[in-house]
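Asks: My structure is stored as upload-v4.csv, with CSV, C-alpha atoms.
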```csv
chain,number,residue,atom,x,y,z
A,1,MET,CA,138.6,246.8,83.0
A,2,LEU,CA,141.1,248.9,81.3
A,3,PHE,CA,138.8,250.4,78.7
A,4,THR,CA,135.8,251.1,80.9
A,5,LYS,CA,136.5,254.7,81.6
A,6,PHE,CA,137.7,255.3,78.0
A,7,TYR,CA,134.6,253.9,76.5
A,8,THR,CA,132.3,255.6,79.0
A,9,LYS,CA,134.0,258.9,78.1
A,10,GLY,CA,132.7,258.6,74.6
A,11,GLU,CA,129.1,258.9,75.8
A,12,ILE,CA,129.4,262.4,77.3
A,13,PHE,CA,127.3,265.3,76.1
A,14,GLU,CA,128.5,268.5,77.6
A,15,PRO,CA,128.0,271.9,76.0
A,16,PHE,CA,130.7,272.4,73.3
A,17,LEU,CA,133.4,275.1,73.4
A,18,PRO,CA,133.8,277.3,70.4
A,19,ASN,CA,137.5,276.3,69.9
A,20,LEU,CA,138.4,275.3,66.4
A,21,VAL,CA,138.8,271.6,65.7
A,22,PRO,CA,142.1,270.9,63.8
A,23,ASP,CA,141.7,269.5,60.3
A,24,GLN,CA,144.0,266.6,61.2
A,25,ALA,CA,141.8,265.6,64.1
A,26,LEU,CA,138.7,265.7,61.9
A,27,GLN,CA,140.5,263.6,59.2
A,28,ASN,CA,141.6,261.1,61.8
A,29,ILE,CA,138.0,260.7,63.0
A,30,LEU,CA,136.7,260.2,59.5
A,31,GLN,CA,139.5,257.7,58.7
A,32,ALA,CA,138.7,255.7,61.8
A,33,ALA,CA,135.0,255.6,60.7
A,34,HIS,CA,136.0,254.4,57.2
A,35,HIS,CA,138.2,251.7,58.7
A,36,ALA,CA,135.4,250.2,60.7
A,37,PRO,CA,134.5,246.6,59.7
A,38,SER,CA,131.4,246.3,57.4
A,39,VAL,CA,129.4,243.2,56.6
A,40,GLY,CA,130.5,241.9,53.2
A,41,PHE,CA,133.0,244.8,53.2
A,42,MET,CA,130.2,246.9,51.8
A,43,GLN,CA,131.4,250.3,53.3
A,44,PRO,CA,127.9,251.7,53.0
A,45,TRP,CA,128.6,255.0,54.6
A,46,ASN,CA,128.9,258.7,53.5
A,47,PHE,CA,129.8,261.6,55.7
A,48,ILE,CA,128.4,265.1,55.3
A,49,VAL,CA,130.6,267.5,57.3
A,50,ILE,CA,128.6,270.5,58.3
A,51,ASP,CA,130.1,273.8,59.3
A,52,SER,CA,127.8,276.2,57.7
A,53,ILE,CA,126.1,278.3,60.4
A,54,GLU,CA,122.9,278.5,58.4
A,55,ILE,CA,122.6,274.8,57.9
A,56,LYS,CA,123.5,274.1,61.6
A,57,GLU,CA,120.6,276.4,62.6
A,58,ARG,CA,118.2,274.5,60.4
A,59,LEU,CA,119.3,271.2,61.8
A,60,ALA,CA,119.0,272.5,65.3
A,61,TRP,CA,115.5,273.6,64.5
A,62,ALA,CA,114.6,270.1,63.2
A,63,ALA,CA,115.9,268.5,66.4
A,64,ASP,CA,114.2,271.0,68.7
A,65,LYS,CA,110.9,270.6,66.9
A,66,GLU,CA,111.2,266.8,67.4
A,67,LYS,CA,112.1,267.2,71.0
A,68,ARG,CA,109.0,269.3,71.7
A,69,ALA,CA,106.9,266.8,69.8
A,70,LEU,CA,108.3,263.9,71.9
A,71,ALA,CA,107.7,265.7,75.2
A,72,ILE,CA,104.0,265.4,74.6
A,73,HIS,CA,104.3,261.6,75.1
A,74,TYR,CA,105.3,262.3,78.7
A,75,GLU,CA,102.2,264.5,79.3
A,76,ASN,CA,100.8,262.1,81.9
A,77,GLU,CA,104.1,262.2,83.8
A,78,ALA,CA,104.6,265.9,84.6
A,79,ASP,CA,107.9,265.5,86.4
A,80,LYS,CA,109.3,263.4,83.7
A,81,LYS,CA,108.1,265.8,81.0
A,82,GLN,CA,109.8,268.7,82.8
A,83,HIS,CA,113.0,266.6,83.3
A,84,PHE,CA,113.0,265.7,79.6
A,85,LEU,CA,112.6,269.3,78.4
A,86,GLN,CA,115.4,270.4,80.7
A,87,LEU,CA,117.9,267.7,79.4
A,88,LYS,CA,120.6,269.2,77.3
A,89,ILE,CA,120.5,266.6,74.5
A,90,GLU,CA,122.0,268.3,71.6
A,91,GLY,CA,124.5,271.0,70.8
A,92,ILE,CA,124.3,271.4,67.0
A,93,LYS,CA,124.6,275.2,67.0
A,94,GLU,CA,127.5,275.3,69.5
A,95,ALA,CA,129.6,272.5,68.1
A,96,PRO,CA,132.1,273.6,65.4
A,97,TYR,CA,131.2,270.5,63.3
A,98,THR,CA,128.2,268.3,62.9
A,99,ILE,CA,128.6,265.2,60.7
A,100,CYS,CA,125.6,263.5,59.2
A,101,VAL,CA,126.5,259.8,58.7
A,102,THR,CA,124.4,258.2,56.1
A,103,CYS,CA,123.9,254.6,54.9
A,104,ASP,CA,123.4,253.7,51.2
A,105,PRO,CA,121.5,250.4,50.9
A,106,THR,CA,122.6,250.1,47.2
A,107,ARG,CA,126.3,250.2,47.9
A,108,GLY,CA,128.1,247.1,46.6
A,109,GLY,CA,125.3,246.0,44.3
A,110,SER,CA,122.4,243.8,44.6
A,111,HIS,CA,123.8,240.7,46.4
A,112,VAL,CA,126.2,241.9,49.1
A,113,LEU,CA,127.6,239.1,51.3
A,114,GLY,CA,125.6,239.1,54.5
A,115,ARG,CA,123.1,241.7,53.5
A,116,ASN,CA,121.3,239.1,51.4
A,117,SER,CA,120.5,237.3,54.7
A,118,ILE,CA,120.0,240.3,57.0
A,119,PRO,CA,119.2,243.5,55.1
A,120,GLU,CA,119.9,245.8,58.1
A,121,THR,CA,123.6,244.8,58.2
A,122,ASP,CA,124.2,247.9,56.2
A,123,ALA,CA,122.9,250.2,59.0
A,124,LEU,CA,124.6,248.0,61.6
A,125,SER,CA,127.9,248.4,59.8
A,126,THR,CA,127.3,252.2,59.7
A,127,ALA,CA,126.8,252.1,63.5
A,128,CYS,CA,130.2,250.3,63.8
A,129,ALA,CA,131.7,253.3,62.0
A,130,ILE,CA,130.0,255.7,64.3
A,131,GLN,CA,131.4,253.8,67.4
A,132,ASN,CA,134.9,254.1,65.9
A,133,MET,CA,134.3,257.9,65.5
A,134,TRP,CA,133.3,258.1,69.1
A,135,LEU,CA,136.5,256.4,70.3
A,136,ALA,CA,138.7,258.3,67.8
A,137,ALA,CA,137.1,261.6,68.9
A,138,CYS,CA,137.9,260.7,72.5
A,139,ALA,CA,141.5,259.9,71.6
A,140,GLU,CA,141.7,263.4,70.0
A,141,GLY,CA,140.4,265.0,73.2
A,142,LEU,CA,137.1,265.9,71.5
A,143,ALA,CA,133.6,265.3,72.6
A,144,LEU,CA,131.0,263.7,70.3
A,145,GLY,CA,127.3,263.7,70.8
A,146,TRP,CA,124.8,261.5,68.8
A,147,VAL,CA,121.7,263.4,68.0
A,148,SER,CA,118.8,261.0,67.3
A,149,PHE,CA,115.9,263.4,67.6
A,150,TYR,CA,114.7,264.3,64.1
A,151,LYS,CA,112.4,263.3,61.3
A,152,LYS,CA,114.6,261.7,58.7
A,153,GLN,CA,112.7,263.6,55.9
A,154,ASP,CA,113.6,266.9,57.6
A,155,ILE,CA,117.3,266.0,57.5
A,156,ARG,CA,117.0,264.9,53.9
A,157,ASP,CA,115.4,268.2,53.0
A,158,ILE,CA,117.9,270.3,54.7
A,159,LEU,CA,121.0,268.4,53.5
A,160,GLU,CA,119.6,267.5,50.0
A,161,ILE,CA,120.0,263.8,50.7
A,162,PRO,CA,118.3,261.5,48.1
A,163,PRO,CA,115.2,259.7,49.3
A,164,TYR,CA,116.8,256.2,49.3
A,165,ILE,CA,119.7,257.2,51.5
A,166,ASP,CA,119.2,256.7,55.3
A,167,PRO,CA,120.5,259.6,57.4
A,168,ILE,CA,121.5,257.3,60.3
A,169,ALA,CA,122.9,259.9,62.7
A,170,LEU,CA,123.9,263.5,63.3
A,171,LEU,CA,127.1,263.6,65.3
A,172,SER,CA,128.2,266.9,66.8
A,173,ILE,CA,131.9,267.3,67.5
A,174,GLY,CA,133.9,269.8,69.5
A,175,TYR,CA,136.0,270.5,72.5
A,176,THR,CA,134.4,270.4,75.9
A,177,LYS,CA,135.4,271.8,79.3
A,178,ASP,CA,135.1,268.6,81.2
A,179,TYR,CA,134.6,265.0,80.3
A,180,PRO,CA,132.2,263.5,82.9
A,181,ASP,CA,133.0,260.0,84.2
A,182,GLN,CA,129.4,258.8,83.5
A,183,PRO,CA,126.8,259.3,80.8
A,184,ILE,CA,124.7,262.4,81.6
A,185,LEU,CA,121.5,260.3,81.4
A,186,GLU,CA,123.0,258.3,84.3
A,187,THR,CA,124.2,261.3,86.4
A,188,SER,CA,120.9,263.1,85.8
A,189,ASN,CA,119.1,259.9,87.1
A,190,TRP,CA,117.2,259.5,83.8
A,191,GLU,CA,118.4,255.9,83.5
A,192,LYS,CA,120.5,253.5,85.6
A,193,ARG,CA,123.4,251.4,84.3
A,194,ARG,CA,122.4,247.8,84.4
A,195,ASP,CA,124.6,245.1,85.9
A,196,VAL,CA,126.3,243.3,83.0
A,197,PHE,CA,125.8,239.9,84.8
A,198,ASP,CA,122.1,240.3,84.5
A,199,LEU,CA,122.5,240.4,80.8
A,200,LEU,CA,124.6,237.3,80.3
A,201,TYR,CA,123.3,233.9,79.5
A,202,ARG,CA,125.1,230.6,78.8
A,203,ASN,CA,124.3,228.4,75.7
A,204,SER,CA,120.7,229.4,75.6
A,205,TRP,CA,118.4,232.4,76.5
A,206,GLY,CA,117.6,232.6,80.2
A,207,HIS,CA,120.2,230.0,81.3
A,208,THR,CA,123.1,231.2,83.4
B,1,MET,CA,146.3,257.5,60.9
B,2,LEU,CA,147.4,255.9,64.1
B,3,PHE,CA,144.4,253.6,64.5
B,4,THR,CA,144.1,252.4,60.9
B,5,LYS,CA,145.9,249.2,61.4
B,6,PHE,CA,144.4,248.5,64.8
B,7,TYR,CA,140.9,249.0,63.5
B,8,THR,CA,141.5,247.0,60.4
B,9,LYS,CA,142.8,244.1,62.4
B,10,GLY,CA,139.4,243.8,63.9
B,11,GLU,CA,138.0,242.7,60.6
B,12,ILE,CA,140.1,239.5,60.2
B,13,PHE,CA,138.6,236.2,59.7
B,14,GLU,CA,141.2,233.5,59.9
B,15,PRO,CA,140.6,229.9,61.1
B,16,PHE,CA,140.6,229.9,64.9
B,17,LEU,CA,143.1,228.0,67.0
B,18,PRO,CA,141.8,225.6,69.6
B,19,ASN,CA,143.6,227.4,72.5
B,20,LEU,CA,141.5,228.3,75.4
B,21,VAL,CA,140.3,231.9,75.9
B,22,PRO,CA,141.1,233.1,79.4
B,23,ASP,CA,138.0,234.0,81.5
B,24,GLN,CA,139.4,237.4,82.2
B,25,ALA,CA,139.7,238.2,78.4
B,26,LEU,CA,136.1,237.1,77.8
B,27,GLN,CA,134.9,239.2,80.7
B,28,ASN,CA,136.9,242.2,79.4
B,29,ILE,CA,135.3,241.9,76.0
B,30,LEU,CA,131.8,241.7,77.5
B,31,GLN,CA,132.4,244.7,79.8
B,32,ALA,CA,133.6,246.7,76.8
B,33,ALA,CA,130.4,245.8,75.0
B,34,HIS,CA,128.3,246.8,78.0
B,35,HIS,CA,130.1,250.1,78.2
B,36,ALA,CA,129.2,251.1,74.7
B,37,PRO,CA,127.1,254.2,74.3
B,38,SER,CA,123.4,253.5,73.7
B,39,VAL,CA,120.8,256.0,72.5
B,40,GLY,CA,118.7,257.0,75.5
B,41,PHE,CA,121.1,254.9,77.7
B,42,MET,CA,118.7,252.0,76.9
B,43,GLN,CA,121.4,249.3,77.0
B,44,PRO,CA,119.2,247.0,74.9
B,45,TRP,CA,121.7,244.1,74.6
B,46,ASN,CA,122.0,240.6,76.0
B,47,PHE,CA,124.9,238.2,75.4
B,48,ILE,CA,124.5,234.4,75.1
B,49,VAL,CA,128.0,232.9,75.5
B,50,ILE,CA,128.1,229.6,73.7
B,51,ASP,CA,130.7,226.9,74.4
B,52,SER,CA,128.5,223.8,74.1
B,53,ILE,CA,129.8,221.7,71.2
B,54,GLU,CA,126.3,220.5,70.4
B,55,ILE,CA,124.9,224.0,70.1
B,56,LYS,CA,127.9,225.2,68.1
B,57,GLU,CA,127.3,222.4,65.7
B,58,ARG,CA,123.7,223.4,65.3
B,59,LEU,CA,124.6,227.1,64.7
B,60,ALA,CA,127.2,226.1,62.2
B,61,TRP,CA,124.6,224.0,60.4
B,62,ALA,CA,122.2,227.0,60.3
B,63,ALA,CA,125.0,229.2,58.8
B,64,ASP,CA,126.1,226.6,56.3
B,65,LYS,CA,122.5,226.1,55.1
B,66,GLU,CA,122.1,229.8,54.6
B,67,LYS,CA,125.4,230.1,52.7
B,68,ARG,CA,124.3,227.3,50.3
B,69,ALA,CA,121.0,229.1,49.8
B,70,LEU,CA,122.7,232.4,49.1
B,71,ALA,CA,125.1,230.8,46.6
B,72,ILE,CA,122.1,230.2,44.4
B,73,HIS,CA,121.8,233.9,43.8
B,74,TYR,CA,125.1,233.9,42.0
B,75,GLU,CA,124.0,231.1,39.7
B,76,ASN,CA,124.4,233.3,36.6
B,77,GLU,CA,127.9,234.2,37.6
B,78,ALA,CA,129.7,230.8,37.8
B,79,ASP,CA,133.1,232.2,38.8
B,80,LYS,CA,131.6,234.4,41.6
B,81,LYS,CA,129.5,231.5,42.8
B,82,GLN,CA,132.6,229.3,43.1
B,83,HIS,CA,134.5,232.1,44.7
B,84,PHE,CA,131.7,232.6,47.2
B,85,LEU,CA,131.5,228.9,48.1
B,86,GLN,CA,135.2,228.8,48.7
B,87,LEU,CA,135.3,231.9,51.0
B,88,LYS,CA,136.0,230.9,54.6
B,89,ILE,CA,133.3,233.0,56.2
B,90,GLU,CA,132.6,231.4,59.5
B,91,GLY,CA,134.4,229.4,62.1
B,92,ILE,CA,131.7,228.6,64.6
B,93,LYS,CA,132.8,225.0,65.2
B,94,GLU,CA,136.5,225.9,65.5
B,95,ALA,CA,136.2,229.0,67.8
B,96,PRO,CA,136.2,228.3,71.6
B,97,TYR,CA,133.3,230.7,72.0
B,98,THR,CA,130.5,232.1,69.9
B,99,ILE,CA,128.5,235.0,71.4
B,100,CYS,CA,125.0,235.7,70.2
B,101,VAL,CA,124.4,239.4,70.7
B,102,THR,CA,120.7,240.2,70.9
B,103,CYS,CA,118.6,243.4,71.0
B,104,ASP,CA,115.5,243.8,73.2
B,105,PRO,CA,113.2,246.4,71.6
B,106,THR,CA,111.2,246.6,74.9
B,107,ARG,CA,114.2,247.5,77.1
B,108,GLY,CA,113.8,250.8,79.0
B,109,GLY,CA,110.0,250.9,78.5
B,110,SER,CA,107.7,252.4,76.0
B,111,HIS,CA,109.2,255.9,75.4
B,112,VAL,CA,112.9,255.6,75.4
B,113,LEU,CA,114.8,258.8,74.5
B,114,GLY,CA,115.7,258.7,70.8
B,115,ARG,CA,114.0,255.5,70.1
B,116,ASN,CA,110.7,257.4,70.0
B,117,SER,CA,112.0,259.2,67.0
B,118,ILE,CA,114.1,256.5,65.3
B,119,PRO,CA,113.0,253.0,66.3
B,120,GLU,CA,116.1,251.3,65.0
B,121,THR,CA,118.4,253.2,67.4
B,122,ASP,CA,118.1,250.0,69.6
B,123,ALA,CA,119.8,247.9,67.0
B,124,LEU,CA,122.3,250.6,66.1
B,125,SER,CA,123.3,250.9,69.8
B,126,THR,CA,123.8,247.1,69.8
B,127,ALA,CA,126.1,247.5,66.8
B,128,CYS,CA,128.1,250.0,68.8
B,129,ALA,CA,128.5,247.4,71.5
B,130,ILE,CA,129.7,244.9,68.8
B,131,GLN,CA,132.3,247.3,67.6
B,132,ASN,CA,133.6,247.7,71.1
B,133,MET,CA,133.8,243.9,71.4
B,134,TRP,CA,135.8,243.8,68.1
B,135,LEU,CA,138.3,246.3,69.4
B,136,ALA,CA,138.5,244.8,72.9
B,137,ALA,CA,139.1,241.4,71.3
B,138,CYS,CA,142.0,242.8,69.3
B,139,ALA,CA,143.4,244.4,72.4
B,140,GLU,CA,143.3,240.9,74.1
B,141,GLY,CA,145.1,239.4,71.1
B,142,LEU,CA,141.9,237.5,70.0
B,143,ALA,CA,140.3,237.3,66.6
B,144,LEU,CA,136.6,238.0,66.3
B,145,GLY,CA,134.4,237.1,63.3
B,146,TRP,CA,130.8,238.4,62.7
B,147,VAL,CA,128.6,235.7,61.3
B,148,SER,CA,125.7,237.3,59.4
B,149,PHE,CA,124.5,234.3,57.4
B,150,TYR,CA,121.5,232.8,59.1
B,151,LYS,CA,117.8,232.9,59.3
B,152,LYS,CA,116.9,234.6,62.6
B,153,GLN,CA,114.2,232.1,63.3
B,154,ASP,CA,116.8,229.3,63.1
B,155,ILE,CA,118.9,231.0,65.7
B,156,ARG,CA,115.9,231.7,67.9
B,157,ASP,CA,115.0,228.0,67.8
B,158,ILE,CA,118.5,226.8,68.6
B,159,LEU,CA,119.1,229.3,71.4
B,160,GLU,CA,115.5,229.4,72.8
B,161,ILE,CA,115.3,233.1,72.1
B,162,PRO,CA,111.8,234.7,72.5
B,163,PRO,CA,110.2,235.8,69.3
B,164,TYR,CA,110.4,239.6,70.1
B,165,ILE,CA,114.1,239.5,70.7
B,166,ASP,CA,116.4,240.3,67.7
B,167,PRO,CA,119.4,238.0,67.4
B,168,ILE,CA,121.6,240.8,65.8
B,169,ALA,CA,124.9,238.9,65.4
B,170,LEU,CA,126.8,235.7,66.1
B,171,LEU,CA,130.4,236.6,67.0
B,172,SER,CA,133.0,233.8,67.1
B,173,ILE,CA,136.0,234.5,69.3
B,174,GLY,CA,139.4,232.7,69.6
B,175,TYR,CA,143.1,233.0,69.0
B,176,THR,CA,144.4,233.0,65.4
B,177,LYS,CA,147.8,232.2,64.0
B,178,ASP,CA,148.2,235.4,62.1
B,179,TYR,CA,146.3,238.7,62.0
B,180,PRO,CA,146.2,239.8,58.3
B,181,ASP,CA,146.7,243.4,57.6
B,182,GLN,CA,143.6,243.7,55.4
B,183,PRO,CA,140.1,242.3,55.5
B,184,ILE,CA,140.0,238.9,53.8
B,185,LEU,CA,137.3,240.1,51.4
B,186,GLU,CA,139.9,242.7,50.3
B,187,THR,CA,142.9,240.3,49.9
B,188,SER,CA,140.7,237.8,48.2
B,189,ASN,CA,139.6,240.5,45.7
B,190,TRP,CA,135.9,240.1,46.6
B,191,GLU,CA,135.6,243.9,47.2
B,192,LYS,CA,138.0,246.9,47.1
B,193,ARG,CA,138.4,249.5,49.8
B,194,ARG,CA,136.9,252.7,48.7
B,195,ASP,CA,138.8,256.0,48.9
B,196,VAL,CA,137.4,257.9,51.9
B,197,PHE,CA,137.6,261.2,50.0
B,198,ASP,CA,135.0,259.9,47.6
B,199,LEU,CA,132.6,259.4,50.5
B,200,LEU,CA,132.9,262.9,52.0
B,201,TYR,CA,130.6,265.8,51.3
B,202,ARG,CA,130.5,269.3,52.7
B,203,ASN,CA,127.3,271.0,54.0
B,204,SER,CA,125.0,269.0,51.7
B,205,TRP,CA,124.9,265.8,49.7
B,206,GLY,CA,127.0,265.7,46.6
B,207,HIS,CA,128.9,268.9,47.4
B,208,THR,CA,132.6,268.8,48.1
```
Can the structure in the file be given as structure tokens, please?

Replies:
Amino acid sequence: MLFTKFYTKGEIFEPFLPNLVPDQALQNILQAAHHAPSVGFMQPWNFIVIDSIEIKERLAWAADKEKRALAIHYENEADKKQHFLQLKIEGIKEAPYTICVTCDPTRGGSHVLGRNSIPETDALSTACAIQNMWLAACAEGLALGWVSFYKKQDIRDILEIPPYIDPIALLSIGYTKDYPDQPILETSNWEKRRDVFDLLYRNSWGHT
Amino acid sequence: MLFTKFYTKGEIFEPFLPNLVPDQALQNILQAAHHAPSVGFMQPWNFIVIDSIEIKERLAWAADKEKRALAIHYENEADKKQHFLQLKIEGIKEAPYTICVTCDPTRGGSHVLGRNSIPETDALSTACAIQNMWLAACAEGLALGWVSFYKKQDIRDILEIPPYIDPIALLSIGYTKDYPDQPILETSNWEKRRDVFDLLYRNSWGHT
């Protein structure tokens, strides 16, 4: 499969280098995001590009606080808890840019094609934009990490986001020394990659 | 922007040709999906590949029923209602394959990294897989359409999907005569593409 390695590369999460990210690369990543498909062509996304050291420190605090809170749920599995706390799962302070990708559920008006049937198509469309950013970052030689450890209200408070807007993801972007060939959660033995053939059915659930 | 046209192509929704889709192309699209990133490496997706004429007809019925129900919400806008009913928004019966992409919220156990903070990261990860399918389909010269007009319970009934599994999307795949350069909702004047610069903020919401 031609794209396997390319797509897998997008999942890496290595410490970021301090090297500056060229404006053109950042623009290309944002254009790729904006040209993602969206259900009903609703384009529900906004992008808050963060390079302020002060704001990055506050976001990193919110993520670290949530990580420590989550570790408590592994308290009956001491090894897993230790493993979890050691995982390098975000690099907000190190990365030159972190982009908060948001979803506006009011975009396009009251009766958007598709969202009238399945309301969460707005968030799903925003995730398509995020996947384009991942691939575009890779094409630019940049690493991208999706931070999903935070309380949304903390992020709204720090970035002054209105209460009805969903801060879907924090994406840290920067150069990295080496792109690993596998996701770090795979190489660190946190999770295994499943066999795709175990996930395929034909014509109905459970039938192969 | 190098990828603009490529990414935009993925959004097309032209009538499908009856030409057979090679097995290898289908496999490549499914492998691209499975190699999408997933929060906590949870890989929450399954893929039901549908080529049964009987099942395709039942899915098309479910989508058409929902489309007619949705049209009622435009009853105070006669022109928009007519426009809506004329839009060619699905080709389930014509496409050689329709793939139902599902999300299993139990995949990976009770405390998946990231999902413990933001439960919908499972559906967002599944949407990343869908975006990979869109791009991989385009690379294979195939058109892909995301059908988001249905009641989930109808799709569960038709495809025998358990009640806790989320049927995120129906994706129809096949060859098409022409790839348009713009989304059909744009060329048909249903919606306009927004200017990306109106969607960008710096360091906090509303600041440029």

Asks: With only C-alpha atoms as the basis for distance, which of A:Asp154, A:Glu75, A:Glu94, A:Asp178 is at the shortest distance from A:Ile53?

Replies: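 Of all the options, A:Glu94 lies closest to A:Ile53.
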
Asks: Which is closer to A:Phe197 than all the others in B:Leu59, B:Leu124, B:Ala169, B:Ile48, using all atoms listed in the file?

Replies: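 Among B:Leu59, B:Leu124, B:Ala169, B:Ile48, it is B:Ile48 that comes nearest to A:Phe197.
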
Asks: Could you write out as a ChimeraX atom specification the residues of chain A within 7 Å of chain B, counting only C-alpha atoms?

Replies: /A:1,3-4,7-8,11,28,32,34-37,41,46-52,114,117-118,124,127-128,131,148-150,159-161,185,191,196,199-205

Asks: If you superpose chain A onto chain B over the full set of Cα atoms in sequence order, what number do you get for the RMSD in Å?

Replies: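 0.1 Å is the C-alpha RMSD between the two chains.
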
Asks: Tell me, in Å to one decimal, how far atom CA of B:Ala60 is from atom CA of B:Gly91.

Replies: 7.9 Å

Asks: Mind pulling up the distance from atom CA of B:Lys88 to atom CA of B:Phe16?

Replies: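 Calculated distance between atom CA of B:Phe16 and atom CA of B:Lys88 is 11.3 Å.
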
Asks: Quick one: pull the distance between atom CA of A:Lys177 and atom CA of A:Leu87, Å, one decimal.

Replies: 18.0 Å

Asks: Kindly reconstruct stretch 160-178 of chain B with N, CA and C atoms and present the result as a PDB file, keeping the file's coordinate frame.

Replies:
```pdb
ATOM      1  N   GLU B 160     116.751 229.169  71.961  1.00  0.00           N
ATOM      2  CA  GLU B 160     115.500 229.400  72.800  1.00  0.00           C
ATOM      3  C   GLU B 160     115.295 230.866  73.054  1.00  0.00           C
ATOM      4  N   ILE B 161     115.503 231.687  72.017  1.00  0.00           N
ATOM      5  CA  ILE B 161     115.300 233.100  72.100  1.00  0.00           C
ATOM      6  C   ILE B 161     113.870 233.495  71.880  1.00  0.00           C
ATOM      7  N   PRO B 162     113.260 234.328  72.745  1.00  0.00           N
ATOM      8  CA  PRO B 162     111.800 234.700  72.500  1.00  0.00           C
ATOM      9  C   PRO B 162     111.656 235.392  71.165  1.00  0.00           C
ATOM     10  N   PRO B 163     110.468 235.286  70.621  1.00  0.00           N
ATOM     11  CA  PRO B 163     110.200 235.800  69.300  1.00  0.00           C
ATOM     12  C   PRO B 163     110.407 237.312  69.115  1.00  0.00           C
ATOM     13  N   TYR B 164     110.247 238.087  70.195  1.00  0.00           N
ATOM     14  CA  TYR B 164     110.400 239.600  70.100  1.00  0.00           C
ATOM     15  C   TYR B 164     111.790 240.046  70.205  1.00  0.00           C
ATOM     16  N   ILE B 165     112.701 239.149  70.534  1.00  0.00           N
ATOM     17  CA  ILE B 165     114.100 239.500  70.700  1.00  0.00           C
ATOM     18  C   ILE B 165     114.841 239.319  69.370  1.00  0.00           C
ATOM     19  N   ASP B 166     115.674 240.304  68.989  1.00  0.00           N
ATOM     20  CA  ASP B 166     116.400 240.300  67.700  1.00  0.00           C
ATOM     21  C   ASP B 166     117.781 239.702  67.885  1.00  0.00           C
ATOM     22  N   PRO B 167     118.069 238.518  67.313  1.00  0.00           N
ATOM     23  CA  PRO B 167     119.400 238.000  67.400  1.00  0.00           C
ATOM     24  C   PRO B 167     120.304 238.731  66.332  1.00  0.00           C
ATOM     25  N   ILE B 168     120.903 239.839  66.754  1.00  0.00           N
ATOM     26  CA  ILE B 168     121.600 240.800  65.800  1.00  0.00           C
ATOM     27  C   ILE B 168     122.810 240.129  65.180  1.00  0.00           C
ATOM     28  N   ALA B 169     123.596 239.386  65.955  1.00  0.00           N
ATOM     29  CA  ALA B 169     124.900 238.900  65.400  1.00  0.00           C
ATOM     30  C   ALA B 169     125.308 237.642  66.154  1.00  0.00           C
ATOM     31  N   LEU B 170     126.051 236.791  65.447  1.00  0.00           N
ATOM     32  CA  LEU B 170     126.800 235.700  66.100  1.00  0.00           C
ATOM     33  C   LEU B 170     128.288 236.109  65.932  1.00  0.00           C
ATOM     34  N   LEU B 171     128.984 236.171  67.058  1.00  0.00           N
ATOM     35  CA  LEU B 171     130.400 236.600  67.000  1.00  0.00           C
ATOM     36  C   LEU B 171     131.246 235.419  67.542  1.00  0.00           C
ATOM     37  N   SER B 172     132.104 234.905  66.679  1.00  0.00           N
ATOM     38  CA  SER B 172     133.000 233.800  67.100  1.00  0.00           C
ATOM     39  C   SER B 172     134.333 234.429  67.537  1.00  0.00           C
ATOM     40  N   ILE B 173     134.854 233.907  68.633  1.00  0.00           N
ATOM     41  CA  ILE B 173     136.000 234.500  69.300  1.00  0.00           C
ATOM     42  C   ILE B 173     137.057 233.379  69.556  1.00  0.00           C
ATOM     43  N   GLY B 174     138.320 233.655  69.224  1.00  0.00           N
ATOM     44  CA  GLY B 174     139.400 232.700  69.600  1.00  0.00           C
ATOM     45  C   GLY B 174     140.722 233.271  69.136  1.00  0.00           C
ATOM     46  N   TYR B 175     141.776 232.542  69.475  1.00  0.00           N
ATOM     47  CA  TYR B 175     143.100 233.000  69.000  1.00  0.00           C
ATOM     48  C   TYR B 175     143.239 232.542  67.532  1.00  0.00           C
ATOM     49  N   THR B 176     144.132 233.240  66.845  1.00  0.00           N
ATOM     50  CA  THR B 176     144.400 233.000  65.400  1.00  0.00           C
ATOM     51  C   THR B 176     145.899 232.991  65.243  1.00  0.00           C
ATOM     52  N   LYS B 177     146.379 232.291  64.214  1.00  0.00           N
ATOM     53  CA  LYS B 177     147.800 232.200  64.000  1.00  0.00           C
ATOM     54  C   LYS B 177     148.388 233.561  63.574  1.00  0.00           C
ATOM     55  N   ASP B 178     147.749 234.156  62.610  1.00  0.00           N
ATOM     56  CA  ASP B 178     148.200 235.400  62.100  1.00  0.00           C
ATOM     57  C   ASP B 178     147.073 236.395  61.889  1.00  0.00           C
TER      58      ASP B 178
END
```
